[in-house]
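Asker: One structure coming up, written as structure tokens, with questions to follow.
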Amino acid sequence: MQMRCSASAQVGVATLSGSLNVVHVDRFRSEFKEWIDDNSGVKNIVFDFTEVDMVDSAGLGALITALKLVRARSGTLKLAGLTRRVHLVFQVTRTDRLFEIHKSVDEALAEME
């Protein structure tokens, strides 16, 4: 799992690649927490899942933790570009009810404006 983050004004985009699973969640949590702490002006986040091939229950837990961090700033967290396989995990676990899911990063960002 790799994460590349960028910020513009109050919006951040975190591009993920690889698998968000039990092997990588600790690193994901710490990198995201460090990034969000370093970018105190960022309220709204879009996670770009275009390059994510798998998410397990530990990964879902880490995303819920990220959601709580963003909501603590009165911000929103959106997911974008989920593959069919990854989107199915969110549907089966009903966590798709917790997150705003968009087809693309551009679509998610357009709703933030």
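Here's how to read the names in the structure tokens: chain A, B, ... by the order shown, residue numbers from 1 in each chain, ligand numbers from 1 in the order shown.
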Give me the residues within 9 Å of Ser40 in chain A as a ChimeraX atom specification, counting only C-alpha atoms and dropping any in the same chain fewer than 4 places off.
Answerer: /A:10,35-36,73
Asker: Would you save the residues from that selection as a short mmCIF file (atom, residue, chain, number, x, y, z; two decimals), in the first residue's frame, using N, CA and C atoms?
Answerer:
data_model
loop_
_atom_site.label_atom_id
_atom_site.label_comp_id
_atom_site.auth_asym_id
_atom_site.auth_seq_id
_atom_site.Cartn_x
_atom_site.Cartn_y
_atom_site.Cartn_z
N GLN A 10 -8.72 24.03 1.18
CA GLN A 10 -9.22 23.19 2.28
C GLN A 10 -9.47 21.75 1.85
N TRP A 35 -0.08 13.15 8.00
CA TRP A 35 -0.37 14.08 6.92
C TRP A 35 -1.49 15.05 7.31
N ILE A 36 -2.55 14.53 7.90
CA ILE A 36 -3.67 15.40 8.26
C ILE A 36 -3.27 16.36 9.39
N ARG A 73 -12.92 17.58 12.29
CA ARG A 73 -12.61 18.91 11.74
C ARG A 73 -13.83 19.54 11.08
#
Asker: Could you give me, as a VMD selection string, the residues within 12 Å of Ala80 in chain A, counting only C-alpha atoms and dropping anything in the same chain fewer than 5 positions from it?
Answerer: chain A and resid 13 to 16 45 to 52 86 to 87 96 99 to 111
Asker: Can you list, as a VMD selection string, every protein, DNA or RNA residue that comes within 9 Å of Asn39 in chain A when you count only C-alpha atoms, leaving out same-chain residues fewer than 4 positions away?
Answerer: chain A and resid 7 12 34 to 35 43
Asker: What's the separation between CA of Arg97 in chain A and CA of Asp53 in chain A, in Å to one decimal place?
Answerer: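 Between CA of Arg97 in chain A and CA of Asp53 in chain A the gap works out to 20.8 Å.
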Asker: Residues within 9 Å of His24 in chain A, please, as a list of chain:residue names. Count only C-alpha atoms; anything in the same chain fewer than 6 positions from it doesn't count.
Answerer: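 Neighbouring residues, sequence-local ones excluded: A:Met1, A:Gln2, A:Ala58, A:Gly59.
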Asker: Could you give me, as a list of chain:residue names, the residues within 12 Å of Asp26 in chain A, counting only C-alpha atoms and dropping anything in the same chain fewer than 5 positions from it?
Answerer: A:Met1, A:Leu20, A:Asn21, A:Glu31, A:Phe32, A:Lys33, A:Ala58, A:Gly59, A:Gly61, A:Ala62, A:Leu63, A:Thr65
Asker: Selection from above, N, CA and C atoms, as a short mmCIF file (atom, residue, chain, number, x, y, z; two decimals), in the first residue's frame, can you write it?
Answerer:
data_model
loop_
_atom_site.label_atom_id
_atom_site.label_comp_id
_atom_site.auth_asym_id
_atom_site.auth_seq_id
_atom_site.Cartn_x
_atom_site.Cartn_y
_atom_site.Cartn_z
N MET A 1 0.84 -1.18 0.00
CA MET A 1 0.00 0.00 0.00
C MET A 1 0.88 1.24 0.00
N LEU A 20 -5.29 -2.36 0.67
CA LEU A 20 -5.52 -1.79 2.00
C LEU A 20 -6.02 -2.93 2.87
N ASN A 21 -5.06 -3.63 3.47
CA ASN A 21 -5.40 -4.82 4.25
C ASN A 21 -4.63 -4.84 5.56
N GLU A 31 0.54 7.19 8.51
CA GLU A 31 0.84 8.16 7.45
C GLU A 31 -0.30 9.15 7.26
N PHE A 32 -1.54 8.68 7.30
CA PHE A 32 -2.67 9.58 7.13
C PHE A 32 -2.77 10.54 8.31
N LYS A 33 -2.63 10.03 9.52
CA LYS A 33 -2.69 10.89 10.72
C LYS A 33 -1.60 11.94 10.67
N ALA A 58 -9.85 -5.01 8.04
CA ALA A 58 -8.90 -4.12 8.72
C ALA A 58 -8.78 -2.80 7.95
N GLY A 59 -8.78 -2.88 6.63
CA GLY A 59 -8.74 -1.67 5.81
C GLY A 59 -9.99 -0.83 5.99
N GLY A 61 -11.79 -0.73 8.67
CA GLY A 61 -11.63 -0.12 9.99
C GLY A 61 -10.73 1.11 9.95
N ALA A 62 -9.66 1.02 9.19
CA ALA A 62 -8.75 2.16 9.07
C ALA A 62 -9.43 3.33 8.37
N LEU A 63 -10.26 3.05 7.39
CA LEU A 63 -11.00 4.12 6.70
C LEU A 63 -12.02 4.77 7.63
N THR A 65 -11.64 5.05 10.83
CA THR A 65 -10.81 5.90 11.69
C THR A 65 -10.49 7.22 10.98
#
Asker: What residues in chain A get the DSSP label strand (DSSP E or B)? Please answer as number ranges by chain.
Answerer: A: 2-8, 11-20, 44-55, 77-80, 100-102
Asker: Quick check for you: according to DSSP on this backbone, which residues of chain A are classed as alpha helix (DSSP H)? Reply as a ChimeraX atom specification.
Answerer: /A:25-38,57-72,84-92,105-112
Asker: Counting only C-alpha atoms, figure out which residue out of A:Met112, A:Leu98, A:Val23, A:Ala9 gets nearest to Lys68 in chain A.
Answerer: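 Closest residue, counting only C-alpha atoms: A:Leu98.
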